[in-house]
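S.K.: Handing over target_16.tsv, TSV, C-alpha atoms.
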```
chain	number	residue	atom	x	y	z
V	1	MET	CA	-9.38	0.59	42.05
V	2	ARG	CA	-10.04	-1.44	38.93
V	3	TYR	CA	-7.47	-1.44	36.13
V	4	ARG	CA	-7.94	-2.63	32.58
V	5	ALA	CA	-4.75	-3.81	30.87
V	6	ASP	CA	-3.66	-4.55	27.31
V	7	LEU	CA	0.03	-5.42	27.35
V	8	HIS	CA	0.64	-6.57	23.78
V	9	ILE	CA	0.57	-3.81	21.17
V	10	HIS	CA	2.74	-3.16	18.11
V	11	SER	CA	3.58	0.34	16.94
V	12	CYS	CA	4.53	1.53	13.44
V	13	LEU	CA	8.07	0.36	14.22
V	14	SER	CA	7.05	-3.28	13.88
V	15	PRO	CA	7.23	-4.15	10.17
V	16	CYS	CA	3.89	-5.98	10.27
V	17	ALA	CA	1.99	-3.17	12.04
V	18	ASP	CA	-0.01	-0.40	10.40
V	19	LEU	CA	1.78	2.93	9.92
V	20	GLN	CA	-1.15	4.58	11.73
V	21	MET	CA	0.08	2.92	14.93
V	22	SER	CA	2.04	5.87	16.24
V	23	PRO	CA	2.53	5.92	20.01
V	24	SER	CA	0.26	8.96	20.29
V	25	SER	CA	-2.56	7.34	18.29
V	26	ILE	CA	-2.21	4.10	20.25
V	27	VAL	CA	-2.45	5.97	23.54
V	28	SER	CA	-5.47	8.07	22.52
V	29	ARG	CA	-7.30	4.97	21.32
V	30	ALA	CA	-6.45	3.06	24.52
V	31	SER	CA	-7.50	6.03	26.62
V	32	SER	CA	-10.87	6.25	24.87
V	33	LEU	CA	-11.41	2.55	25.66
V	34	GLY	CA	-10.68	2.99	29.36
V	35	ILE	CA	-7.43	1.02	29.29
V	36	SER	CA	-5.26	2.19	32.17
V	37	VAL	CA	-2.26	-0.15	31.92
V	38	LEU	CA	-0.76	-0.29	28.45
V	39	GLY	CA	2.19	-2.28	27.12
V	40	LEU	CA	4.15	-1.53	23.95
V	41	THR	CA	5.84	-4.61	22.53
V	42	ASP	CA	7.47	-4.10	19.15
V	43	HIS	CA	9.32	-6.96	17.52
V	44	ASN	CA	12.93	-7.06	18.73
V	45	THR	CA	13.25	-3.33	19.40
V	46	CYS	CA	12.33	-0.73	22.02
V	47	ARG	CA	12.96	2.44	20.03
V	48	ASN	CA	9.37	3.71	20.15
V	49	LEU	CA	9.26	3.52	23.94
V	50	PRO	CA	10.36	7.14	24.64
V	51	ALA	CA	7.44	8.55	22.63
V	52	PHE	CA	5.10	5.94	24.08
V	53	ASP	CA	6.18	6.73	27.63
V	54	SER	CA	5.58	10.43	27.26
V	55	CYS	CA	2.18	9.99	25.54
V	56	CYS	CA	1.04	7.58	28.28
V	57	ARG	CA	2.05	9.93	31.07
V	58	LYS	CA	0.14	12.82	29.47
V	59	ALA	CA	-2.94	10.61	29.18
V	60	GLY	CA	-2.69	9.32	32.76
V	61	ILE	CA	-2.07	5.75	31.55
V	62	MET	CA	0.56	3.53	33.15
V	63	PRO	CA	3.12	2.62	30.47
V	64	VAL	CA	4.60	-0.88	30.61
V	65	HIS	CA	7.92	-0.83	28.79
V	66	GLY	CA	8.19	-3.94	26.71
V	67	ILE	CA	9.48	-5.78	23.68
V	68	GLU	CA	8.37	-8.93	21.86
V	69	VAL	CA	11.53	-10.92	21.36
V	70	THR	CA	11.88	-13.61	18.69
V	71	THR	CA	14.02	-16.40	20.10
V	72	ARG	CA	16.32	-18.56	18.00
V	73	GLU	CA	13.49	-21.15	17.82
V	74	GLU	CA	11.16	-18.37	16.53
V	75	ILE	CA	9.14	-18.34	19.72
V	76	HIS	CA	7.67	-14.94	20.54
V	77	VAL	CA	8.09	-13.81	24.15
V	78	LEU	CA	6.80	-10.60	25.74
V	79	CYS	CA	9.43	-9.08	28.03
V	80	PHE	CA	8.77	-6.06	30.27
V	81	PHE	CA	11.05	-3.93	32.41
V	82	ALA	CA	10.71	-1.76	35.48
V	83	ASP	CA	11.61	1.47	33.73
V	84	MET	CA	12.45	2.91	30.34
V	85	PRO	CA	16.26	3.01	30.71
V	86	ALA	CA	16.30	-0.72	31.51
V	87	ALA	CA	14.01	-1.46	28.57
V	88	LEU	CA	16.09	0.66	26.20
V	89	ARG	CA	19.26	-1.15	27.30
V	90	PHE	CA	17.60	-4.48	26.77
V	91	GLY	CA	16.22	-3.41	23.38
V	92	LYS	CA	19.68	-2.37	22.23
V	93	PHE	CA	21.04	-5.71	23.41
V	94	ILE	CA	18.41	-7.64	21.44
V	95	GLU	CA	18.98	-5.55	18.29
V	96	SER	CA	22.68	-6.39	18.54
V	97	LEU	CA	21.76	-10.09	18.51
V	98	LEU	CA	19.82	-9.88	15.24
V	99	PRO	CA	21.62	-11.00	12.08
V	100	ASP	CA	22.70	-8.39	9.54
V	101	VAL	CA	19.79	-9.06	7.21
V	102	PRO	CA	18.45	-5.75	5.86
V	103	ASN	CA	14.74	-4.98	5.94
V	104	ALA	CA	12.87	-4.84	2.65
V	105	PRO	CA	10.10	-2.31	3.42
V	106	ASP	CA	8.13	-3.13	0.23
V	107	LEU	CA	7.87	-6.79	1.20
V	108	LEU	CA	7.94	-6.86	4.98
V	109	GLY	CA	6.81	-3.35	5.98
V	110	ASP	CA	8.31	-0.14	7.31
V	111	GLN	CA	10.33	0.05	10.53
V	112	VAL	CA	10.15	3.68	11.56
V	113	TYR	CA	10.41	5.16	15.02
V	114	VAL	CA	8.79	8.46	15.82
V	115	ASP	CA	8.52	11.15	18.46
V	116	GLU	CA	5.42	11.91	20.49
V	117	HIS	CA	4.14	14.21	17.71
V	118	GLU	CA	4.36	11.43	15.08
V	119	ARG	CA	7.45	12.91	13.45
V	120	ILE	CA	9.74	10.20	12.06
V	121	ILE	CA	13.06	10.17	13.92
V	122	GLY	CA	14.63	7.26	12.11
V	123	GLU	CA	14.33	3.88	10.52
V	124	ILE	CA	15.86	0.55	11.55
V	125	ASP	CA	17.84	-1.03	8.72
V	126	LYS	CA	18.14	-4.59	10.04
V	127	SER	CA	15.04	-6.70	9.54
V	128	LEU	CA	13.16	-6.97	12.83
V	129	TYR	CA	11.47	-10.00	11.35
V	130	SER	CA	14.67	-11.97	12.00
V	131	ALA	CA	15.29	-14.08	15.10
V	132	SER	CA	17.69	-13.10	17.86
V	133	GLU	CA	20.59	-15.40	18.71
V	134	LEU	CA	19.15	-16.22	22.15
V	135	ASN	CA	17.23	-19.42	22.65
V	136	PHE	CA	14.16	-19.58	24.89
V	137	ASP	CA	16.10	-20.53	28.05
V	138	GLN	CA	18.84	-17.98	27.45
V	139	LEU	CA	16.25	-15.24	26.97
V	140	PHE	CA	14.57	-16.32	30.21
V	141	ASP	CA	17.87	-15.94	32.09
V	142	GLU	CA	18.64	-12.56	30.52
V	143	VAL	CA	15.20	-11.19	31.47
V	144	GLN	CA	15.57	-12.53	35.03
V	145	GLY	CA	18.88	-10.65	35.22
V	146	TYR	CA	16.96	-7.43	34.58
V	147	ASN	CA	14.21	-8.30	37.09
V	148	GLY	CA	11.97	-8.23	34.04
V	149	MET	CA	8.66	-9.95	33.31
V	150	PHE	CA	8.83	-12.95	30.96
V	151	ILE	CA	5.54	-13.84	29.29
V	152	PRO	CA	5.50	-16.40	26.44
V	153	ALA	CA	3.20	-14.85	23.79
V	154	HIS	CA	0.01	-16.34	22.28
V	155	ILE	CA	0.96	-19.85	23.45
V	156	ASP	CA	-2.16	-21.34	21.85
V	157	ARG	CA	-1.44	-20.02	18.35
V	158	SER	CA	-0.20	-22.19	15.48
V	159	ALA	CA	2.70	-19.88	14.56
V	160	PHE	CA	5.57	-18.29	16.51
V	161	SER	CA	4.49	-19.75	19.85
V	162	VAL	CA	6.10	-22.20	22.28
V	163	THR	CA	3.57	-24.80	21.23
V	164	SER	CA	4.09	-24.33	17.48
V	165	GLN	CA	7.89	-24.27	17.76
V	166	LEU	CA	8.58	-26.73	20.60
V	167	GLY	CA	5.32	-28.66	20.75
V	168	PHE	CA	4.63	-27.78	24.41
V	169	LEU	CA	5.12	-25.12	27.08
V	170	PRO	CA	8.31	-25.91	29.04
V	171	GLU	CA	7.35	-26.53	32.67
V	172	MET	CA	8.79	-23.42	34.31
V	173	THR	CA	7.53	-20.58	36.47
V	174	TYR	CA	6.80	-17.60	34.22
V	175	THR	CA	5.55	-14.17	35.23
V	176	ALA	CA	2.47	-15.24	33.26
V	177	VAL	CA	1.63	-16.74	29.89
V	178	GLU	CA	-0.46	-15.13	27.16
V	179	ALA	CA	-3.21	-17.01	25.34
V	180	VAL	CA	-5.49	-15.87	22.53
V	181	ARG	CA	-8.42	-17.90	23.86
V	182	ILE	CA	-9.44	-18.24	27.49
V	183	PRO	CA	-9.77	-20.87	28.91
V	184	CYS	CA	-6.44	-21.87	27.39
V	185	ARG	CA	-6.28	-25.39	25.92
V	186	VAL	CA	-2.52	-25.64	26.58
V	187	ASP	CA	-1.34	-27.06	29.93
V	188	THR	CA	0.08	-24.02	31.72
V	189	TYR	CA	1.26	-25.71	34.96
V	190	GLY	CA	-0.47	-23.22	37.21
V	191	ASN	CA	1.04	-20.14	35.56
V	192	THR	CA	-1.27	-17.13	35.35
V	193	VAL	CA	-2.94	-16.86	31.94
V	194	ILE	CA	-3.63	-13.43	30.47
V	195	THR	CA	-4.97	-12.33	27.12
V	196	ASN	CA	-4.00	-9.20	25.19
V	197	SER	CA	-4.96	-7.76	21.83
V	198	ASP	CA	-1.63	-8.20	19.95
V	199	ALA	CA	-2.93	-5.17	18.04
V	200	HIS	CA	-1.29	-4.28	14.73
V	201	PHE	CA	-4.10	-1.86	13.79
V	202	LEU	CA	-5.74	0.89	15.87
V	203	ALA	CA	-9.13	-0.82	15.72
V	204	ASP	CA	-7.68	-3.95	17.37
V	205	ILE	CA	-6.47	-2.25	20.56
V	206	GLY	CA	-8.35	-3.62	23.56
V	207	SER	CA	-10.05	-6.33	21.46
V	208	ARG	CA	-8.62	-8.66	24.09
V	209	SER	CA	-7.66	-7.36	27.54
V	210	TRP	CA	-7.76	-8.30	31.22
V	211	SER	CA	-8.55	-6.56	34.50
V	212	CYS	CA	-7.45	-6.47	38.09
V	213	GLU	CA	-8.30	-4.65	41.31
V	214	HIS	CA	-5.51	-2.97	43.26
V	215	GLU	CA	-4.85	0.06	45.44
V	216	ALA	CA	-2.05	1.81	43.60
V	217	MET	CA	-0.54	0.44	40.42
V	218	ASP	CA	3.11	0.41	39.49
V	219	TYR	CA	5.52	-2.04	37.86
V	220	GLN	CA	6.17	-4.06	41.03
V	221	ALA	CA	2.45	-4.26	41.80
V	222	LEU	CA	1.72	-5.39	38.24
V	223	LYS	CA	4.44	-8.04	38.41
V	224	HIS	CA	3.08	-9.28	41.73
V	225	ILE	CA	-0.49	-9.38	40.42
V	226	LEU	CA	0.60	-11.48	37.45
V	227	GLU	CA	2.87	-13.78	39.43
V	228	THR	CA	0.19	-14.48	42.01
V	229	ASP	CA	-2.77	-14.62	39.58
V	230	ARG	CA	-4.78	-11.80	41.14
V	231	LEU	CA	-6.78	-11.04	38.04
V	232	THR	CA	-10.44	-10.07	38.11
V	233	ARG	CA	-12.38	-12.73	36.22
D	1	MET	CA	14.94	-28.05	-13.03
D	2	LYS	CA	11.73	-26.46	-14.28
D	3	LEU	CA	9.12	-25.95	-11.58
D	4	SER	CA	6.67	-27.91	-13.77
D	5	TYR	CA	8.71	-30.98	-12.73
D	6	LEU	CA	6.85	-30.80	-9.40
D	7	THR	CA	3.44	-31.15	-11.01
D	8	ASP	CA	4.28	-33.18	-14.16
D	9	THR	CA	6.75	-35.71	-12.76
D	10	LEU	CA	6.11	-35.75	-9.01
D	11	SER	CA	2.33	-35.16	-9.28
D	12	TYR	CA	2.45	-32.45	-6.63
D	13	LYS	CA	-0.43	-29.99	-6.59
D	14	ALA	CA	0.05	-26.41	-7.84
D	15	LEU	CA	-1.82	-24.03	-5.51
D	16	TRP	CA	-0.72	-20.98	-7.47
D	17	LYS	CA	1.52	-21.06	-10.50
D	18	ALA	CA	3.38	-18.26	-12.24
D	19	ASP	CA	2.64	-17.98	-15.99
D	20	ASN	CA	6.20	-18.64	-17.03
D	21	ASP	CA	7.61	-22.02	-16.03
D	22	GLN	CA	10.59	-20.87	-13.99
D	23	SER	CA	13.80	-22.82	-13.51
D	24	VAL	CA	15.55	-23.41	-10.19
D	25	GLN	CA	19.14	-24.54	-9.71
D	26	GLN	CA	18.88	-25.41	-6.03
D	27	ALA	CA	16.43	-26.02	-3.21
D	28	TYR	CA	16.48	-25.17	0.50
D	29	THR	CA	14.65	-27.10	3.21
D	30	SER	CA	13.77	-25.22	6.40
D	31	ASP	CA	10.82	-24.39	8.62
D	32	LEU	CA	12.43	-21.42	10.35
D	33	LEU	CA	11.72	-18.33	8.27
D	34	SER	CA	14.56	-16.39	9.88
D	35	ASP	CA	16.89	-19.15	8.73
D	36	VAL	CA	15.49	-19.01	5.19
D	37	MET	CA	15.89	-15.24	5.17
D	38	GLY	CA	19.55	-15.45	6.13
D	39	ASN	CA	20.71	-18.58	4.31
D	40	ALA	CA	18.53	-19.67	1.38
D	41	PRO	CA	20.17	-19.38	-2.05
D	42	GLU	CA	18.67	-17.26	-4.84
D	43	ASP	CA	16.74	-18.84	-7.72
D	44	SER	CA	15.83	-21.80	-5.56
D	45	LEU	CA	12.80	-23.69	-4.30
D	46	LEU	CA	11.79	-23.55	-0.62
D	47	ILE	CA	10.72	-26.88	0.90
D	48	THR	CA	8.83	-26.19	4.14
D	49	ILE	CA	5.74	-26.77	6.25
D	50	GLN	CA	5.30	-23.04	6.95
D	51	GLY	CA	2.09	-22.11	5.13
D	52	HIS	CA	1.93	-18.42	5.93
D	53	LYS	CA	1.90	-15.17	3.95
D	54	ASN	CA	5.24	-14.29	5.52
D	55	THR	CA	6.72	-17.39	3.90
D	56	VAL	CA	6.12	-15.66	0.57
D	57	ALA	CA	7.65	-12.40	1.79
D	58	VAL	CA	10.75	-14.17	3.04
D	59	ALA	CA	11.07	-16.30	-0.12
D	60	SER	CA	10.73	-13.20	-2.24
D	61	LEU	CA	13.32	-11.38	-0.14
D	62	ALA	CA	15.72	-14.28	-0.65
D	63	GLY	CA	15.06	-14.24	-4.42
D	64	MET	CA	13.48	-17.70	-4.42
D	65	LYS	CA	11.17	-18.85	-7.22
D	66	GLY	CA	8.83	-21.31	-5.56
D	67	ILE	CA	7.52	-22.77	-2.31
D	68	LEU	CA	6.61	-26.39	-1.71
D	69	LEU	CA	4.37	-27.04	1.31
D	70	CYS	CA	4.92	-30.52	2.71
D	71	ASN	CA	2.76	-32.80	4.86
D	72	ASN	CA	-0.33	-31.50	3.08
D	73	ARG	CA	-0.14	-28.22	4.99
D	74	ALA	CA	-2.73	-25.71	3.85
D	75	ALA	CA	-1.93	-22.37	2.23
D	76	PRO	CA	-4.21	-19.62	3.58
D	77	ASP	CA	-5.80	-17.35	0.95
D	78	GLU	CA	-3.65	-14.42	2.02
D	79	MET	CA	-0.55	-16.54	1.34
D	80	LEU	CA	-1.74	-17.29	-2.21
D	81	ASP	CA	-2.65	-13.62	-2.76
D	82	ALA	CA	0.89	-12.68	-1.72
D	83	ALA	CA	2.31	-15.39	-3.99
D	84	ALA	CA	0.42	-13.97	-6.97
D	85	ARG	CA	1.66	-10.48	-6.15
D	86	GLU	CA	5.27	-11.62	-5.87
D	87	GLY	CA	5.15	-14.12	-8.75
D	88	ILE	CA	6.22	-17.02	-6.57
D	89	SER	CA	4.66	-20.39	-7.36
D	90	VAL	CA	3.24	-22.42	-4.47
D	91	PHE	CA	2.88	-26.21	-4.51
D	92	SER	CA	1.69	-28.75	-2.00
D	93	THR	CA	2.35	-32.42	-1.34
D	94	THR	CA	1.53	-35.09	1.19
D	95	ASP	CA	5.25	-35.99	1.24
D	96	ASP	CA	7.22	-34.92	4.31
D	97	GLN	CA	10.23	-32.63	3.99
D	98	PHE	CA	12.72	-35.50	3.81
D	99	SER	CA	10.97	-37.37	1.01
D	100	ALA	CA	10.25	-34.19	-0.93
D	101	SER	CA	13.86	-33.02	-0.57
D	102	TYR	CA	15.11	-36.38	-1.88
D	103	LYS	CA	12.79	-36.36	-4.89
D	104	ILE	CA	13.67	-32.78	-5.72
D	105	ALA	CA	17.39	-33.44	-5.35
D	106	LYS	CA	16.90	-36.12	-8.00
D	107	GLY	CA	15.09	-33.64	-10.23
D	108	LEU	CA	17.98	-31.22	-9.79
D	109	GLY	CA	20.43	-33.98	-10.74
D	110	LEU	CA	22.14	-33.79	-7.33
D	111	VAL	CA	21.70	-37.46	-6.43
```
Translate this structure into structure tokens?

M.R.:
Amino acid sequence: MRYRADLHIHSCLSPCADLQMSPSSIVSRASSLGISVLGLTDHNTCRNLPAFDSCCRKAGIMPVHGIEVTTREEIHVLCFFADMPAALRFGKFIESLLPDVPNAPDLLGDQVYVDEHERIIGEIDKSLYSASELNFDQLFDEVQGYNGMFIPAHIDRSAFSVTSQLGFLPEMTYTAVEAVRIPCRVDTYGNTVITNSDAHFLADIGSRSWSCEHEAMDYQALKHILETDRLTR
Amino acid sequence: MKLSYLTDTLSYKALWKADNDQSVQQAYTSDLLSDVMGNAPEDSLLITIQGHKNTVAVASLAGMKGILLCNNRAAPDEMLDAAAREGISVFSTTDDQFSASYKIAKGLGLV
């Protein structure tokens, strides 16, 4: 069976994302586009995952429970976990490593988390725009400890990427790396390269995506497909 | 130090300038916006190479009055739009952060 995946999407909880990006709207849009494997990756938090998980299941989409962590060097990394409890634990851990700088919604945007019916449950006070205390290598180790997937985000972009912050991609084995443009101009040392939308608005979902062929899809299968570069070109 | 010191004395370019010539008491040099957000002093000038609309948001959050882009880094239109909205002046120079910091420290009477 062929699967179409978009693993990098921001919900209304990310300060920079549109308030229309509720988990339910994201899932209906993805569903209408034929996306069957969908990742939610808010900045430094996982609090919209419960609503996302339940909307995905109703729509017959495989949810991939993720977070986009800002490292101390301000490198963005997509991290994914086998199930929601693990992701929620990790999200709580990352939130605890953010400095106590309050969000300013007027300047940076709202940080609201919602239920599956788009009702606001709460708001995160700390600015999610901050960087966590973990550096790139420490984050890598933490994610390994969770058997998570570690995917440096938009490595070919001029802001918040390994290349903008460090000047190069450290030569390591990643689950995969994400690039905005394929073929990727950055040396990726044989790591699998994927592209995702990094959608902040509903219209952007699926604007970049990737595909693979597999019998039955679950987290372990997805991880294996990425690690072994079994994408459909 | 008046922000006009940057254009009048140092011959830096003003990319967007607030109507009133604001004064700053200090400056802060950093390229990590999360660092600026947590540590930059109020009423100061940000010396950076980060030409991004979020630079304006973070400077505004920190109560800063101006941004100086070093190494001739470009300011995208959306950054200048944000600067106009927030009333934060944006300047540019071919100087690097070290040279610009030194010249501005002189303007502030710190060296």

S.K.: Compile a residue-level contact table for chain D against chain V at a cut-off of 12 Å, reporting for every qualifying residue the shortest atom pair and its distance in Å to one decimal, with only C-alpha atoms counted, rows ordered by chain and ascending number, as a tab-separated table.

M.R.:
```
residue	atom	partner	partner_atom	distance
D:Asp31	CA	V:Gln165	CA	9.6
D:Leu32	CA	V:Glu74	CA	7.0
D:Leu33	CA	V:Ser130	CA	7.9
D:Ser34	CA	V:Ser130	CA	4.9
D:Asp35	CA	V:Ser130	CA	8.2
D:Val36	CA	V:Ser130	CA	9.8
D:Met37	CA	V:Val101	CA	7.6
D:Gly38	CA	V:Val101	CA	6.5
D:Asn39	CA	V:Val101	CA	10.0
D:Ile49	CA	V:Ala159	CA	11.2
D:Gln50	CA	V:Ala159	CA	8.6
D:Gly51	CA	V:Ala159	CA	9.7
D:His52	CA	V:Ala159	CA	8.8
D:Lys53	CA	V:Leu108	CA	10.3
D:Asn54	CA	V:Leu108	CA	7.9
D:Thr55	CA	V:Leu108	CA	10.7
D:Val56	CA	V:Leu107	CA	9.1
D:Ala57	CA	V:Leu107	CA	5.6
D:Val58	CA	V:Leu108	CA	8.1
D:Ala59	CA	V:Leu107	CA	10.1
D:Ser60	CA	V:Leu107	CA	7.8
D:Leu61	CA	V:Ala104	CA	7.1
D:Ala62	CA	V:Val101	CA	10.3
D:Gly63	CA	V:Leu107	CA	11.8
D:Ala82	CA	V:Leu107	CA	9.6
D:Ala83	CA	V:Leu107	CA	11.5
D:Arg85	CA	V:Leu107	CA	10.3
D:Glu86	CA	V:Leu107	CA	8.9
```

S.K.: Just the number, please: distance in Å from CA of Trp210 (chain V) to CA of Arg230 (chain V), one decimal.

M.R.: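 These two atoms are separated by 10.9 Å.
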
S.K.: Select, from V:Ile35, V:Ile194, V:Ala221, V:Val77, the residue with the minimum atom-to-atom distance to Ser161 (chain V), counting all atoms listed in the file.

M.R.: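 Among the listed residues, V:Val77 lies closest to Ser161 (chain V).
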
S.K.: Have a look at CA of Arg181 (chain V) and CA of Ile75 (chain V) and let me know their distance in Å, one decimal.

M.R.: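 Computing it gives 18.0 Å between the two atoms.
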
S.K.: In terms of the shortest atom-to-atom distance over all atoms listed in the file, which of V:Val193, V:Ile151, V:Cys12, V:Met62 is closest to Ser31 (chain V)?

M.R.: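 Distance minimum relative to Ser31 (chain V) lands on V:Met62.
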
S.K.: I need the residue nearest Ala105 (chain D) from this list: D:Ala84, D:Cys70, D:Val24, D:Ala40. Use all atoms listed in the file for the distance.

M.R.: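 Closest to Ala105 (chain D), using all atoms listed in the file: D:Val24.
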
S.K.: Calculated over only C-alpha atoms, which of the candidates D:Ile67, D:Ile47, D:Ala74, D:Leu15 has the smallest distance to Phe98 (chain D)?

M.R.: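 For Phe98 (chain D), the nearest of the candidates is D:Ile47.
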
S.K.: Report, in Å with one decimal, the straight-line distance from CA of Ala179 (chain V) to CA of Thr195 (chain V).

M.R.: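 Calculated distance between CA of Ala179 (chain V) and CA of Thr195 (chain V) is 5.3 Å.
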
S.K.: With only C-alpha atoms as the counted atoms, please give the residues lying no more than 7 Å from Tyr12 (chain D), apart from itself and same-chain residues fewer than 2 positions off, as a list in words.

M.R.: Leu6, Thr7, Leu10, Ala14, Phe91, Ser92 and Thr93 of chain D

S.K.: Which polymer residues, whether protein, DNA or RNA, lie within 9 Å of the coordinate (-2.2, -8.1, 23.6) when you count all atoms listed in the file? List them as an NGL selection string, using the chain letters and numbers from the file.

M.R.: :V and (5-10 or 39 or 41 or 153-154 or 178 or 180 or 194-199 or 205-209)

S.K.: Looking at all atoms listed in the file, which of V:Asp204, V:Asp110, V:Asp218, V:Glu227 is the one that sits closest to Val64 (chain V)?

M.R.: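 Ranked by minimum distance to Val64 (chain V), first place goes to V:Asp218.
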
S.K.: For Asn71 (chain D), list every protein, DNA or RNA residue within 6 Å, evaluated using all atoms listed in the file, and leave out those in the same chain fewer than 6 positions away; present the list as an mmCIF file with C-alpha atoms, in the coordinates of the input.

M.R.:
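And here is the file that came out, part_14.cif:
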```
data_model
loop_
_atom_site.group_PDB
_atom_site.id
_atom_site.type_symbol
_atom_site.label_atom_id
_atom_site.label_comp_id
_atom_site.auth_asym_id
_atom_site.auth_seq_id
_atom_site.Cartn_x
_atom_site.Cartn_y
_atom_site.Cartn_z
ATOM 1 C CA THR D 94 1.530 -35.090 1.190
ATOM 2 C CA ASP D 95 5.250 -35.990 1.240
ATOM 3 C CA ASP D 96 7.220 -34.920 4.310
#
```

S.K.: Output requested as a short mmCIF file (atom, residue, chain, number, x, y, z; two decimals), in the coordinates of the input - region 208-223 of chain V, filled out with N, CA and C atoms.

M.R.:
```cif
data_model
loop_
_atom_site.label_atom_id
_atom_site.label_comp_id
_atom_site.auth_asym_id
_atom_site.auth_seq_id
_atom_site.Cartn_x
_atom_site.Cartn_y
_atom_site.Cartn_z
N ARG V 208 -8.78 -7.71 22.98
CA ARG V 208 -8.62 -8.66 24.09
C ARG V 208 -7.88 -7.89 25.18
N SER V 209 -8.31 -8.07 26.44
CA SER V 209 -7.66 -7.36 27.54
C SER V 209 -7.99 -8.11 28.82
N TRP V 210 -7.46 -7.66 29.93
CA TRP V 210 -7.76 -8.30 31.22
C TRP V 210 -7.81 -7.22 32.28
N SER V 211 -8.35 -7.58 33.45
CA SER V 211 -8.55 -6.56 34.50
C SER V 211 -8.07 -7.07 35.84
N CYS V 212 -7.81 -6.10 36.72
CA CYS V 212 -7.45 -6.47 38.09
C CYS V 212 -7.85 -5.32 39.02
N GLU V 213 -7.97 -5.66 40.29
CA GLU V 213 -8.30 -4.65 41.31
C GLU V 213 -7.07 -4.45 42.17
N HIS V 214 -6.67 -3.22 42.41
CA HIS V 214 -5.51 -2.97 43.26
C HIS V 214 -5.57 -1.54 43.76
N GLU V 215 -4.87 -1.29 44.87
CA GLU V 215 -4.85 0.06 45.44
C GLU V 215 -4.14 1.03 44.49
N ALA V 216 -2.81 0.94 44.48
CA ALA V 216 -2.05 1.81 43.60
C ALA V 216 -1.23 0.93 42.66
N MET V 217 -1.19 1.30 41.40
CA MET V 217 -0.54 0.44 40.42
C MET V 217 0.83 0.97 40.03
N ASP V 218 1.81 0.10 40.09
CA ASP V 218 3.11 0.41 39.49
C ASP V 218 3.70 -0.90 38.98
N TYR V 219 4.92 -0.85 38.47
CA TYR V 219 5.52 -2.04 37.86
C TYR V 219 5.57 -3.22 38.83
N GLN V 220 6.03 -2.96 40.06
CA GLN V 220 6.17 -4.06 41.03
C GLN V 220 4.81 -4.65 41.38
N ALA V 221 3.80 -3.78 41.50
CA ALA V 221 2.45 -4.26 41.80
C ALA V 221 1.94 -5.12 40.65
N LEU V 222 2.17 -4.66 39.43
CA LEU V 222 1.72 -5.39 38.24
C LEU V 222 2.38 -6.77 38.19
N LYS V 223 3.68 -6.78 38.44
CA LYS V 223 4.44 -8.04 38.41
C LYS V 223 3.88 -9.01 39.47
#
```
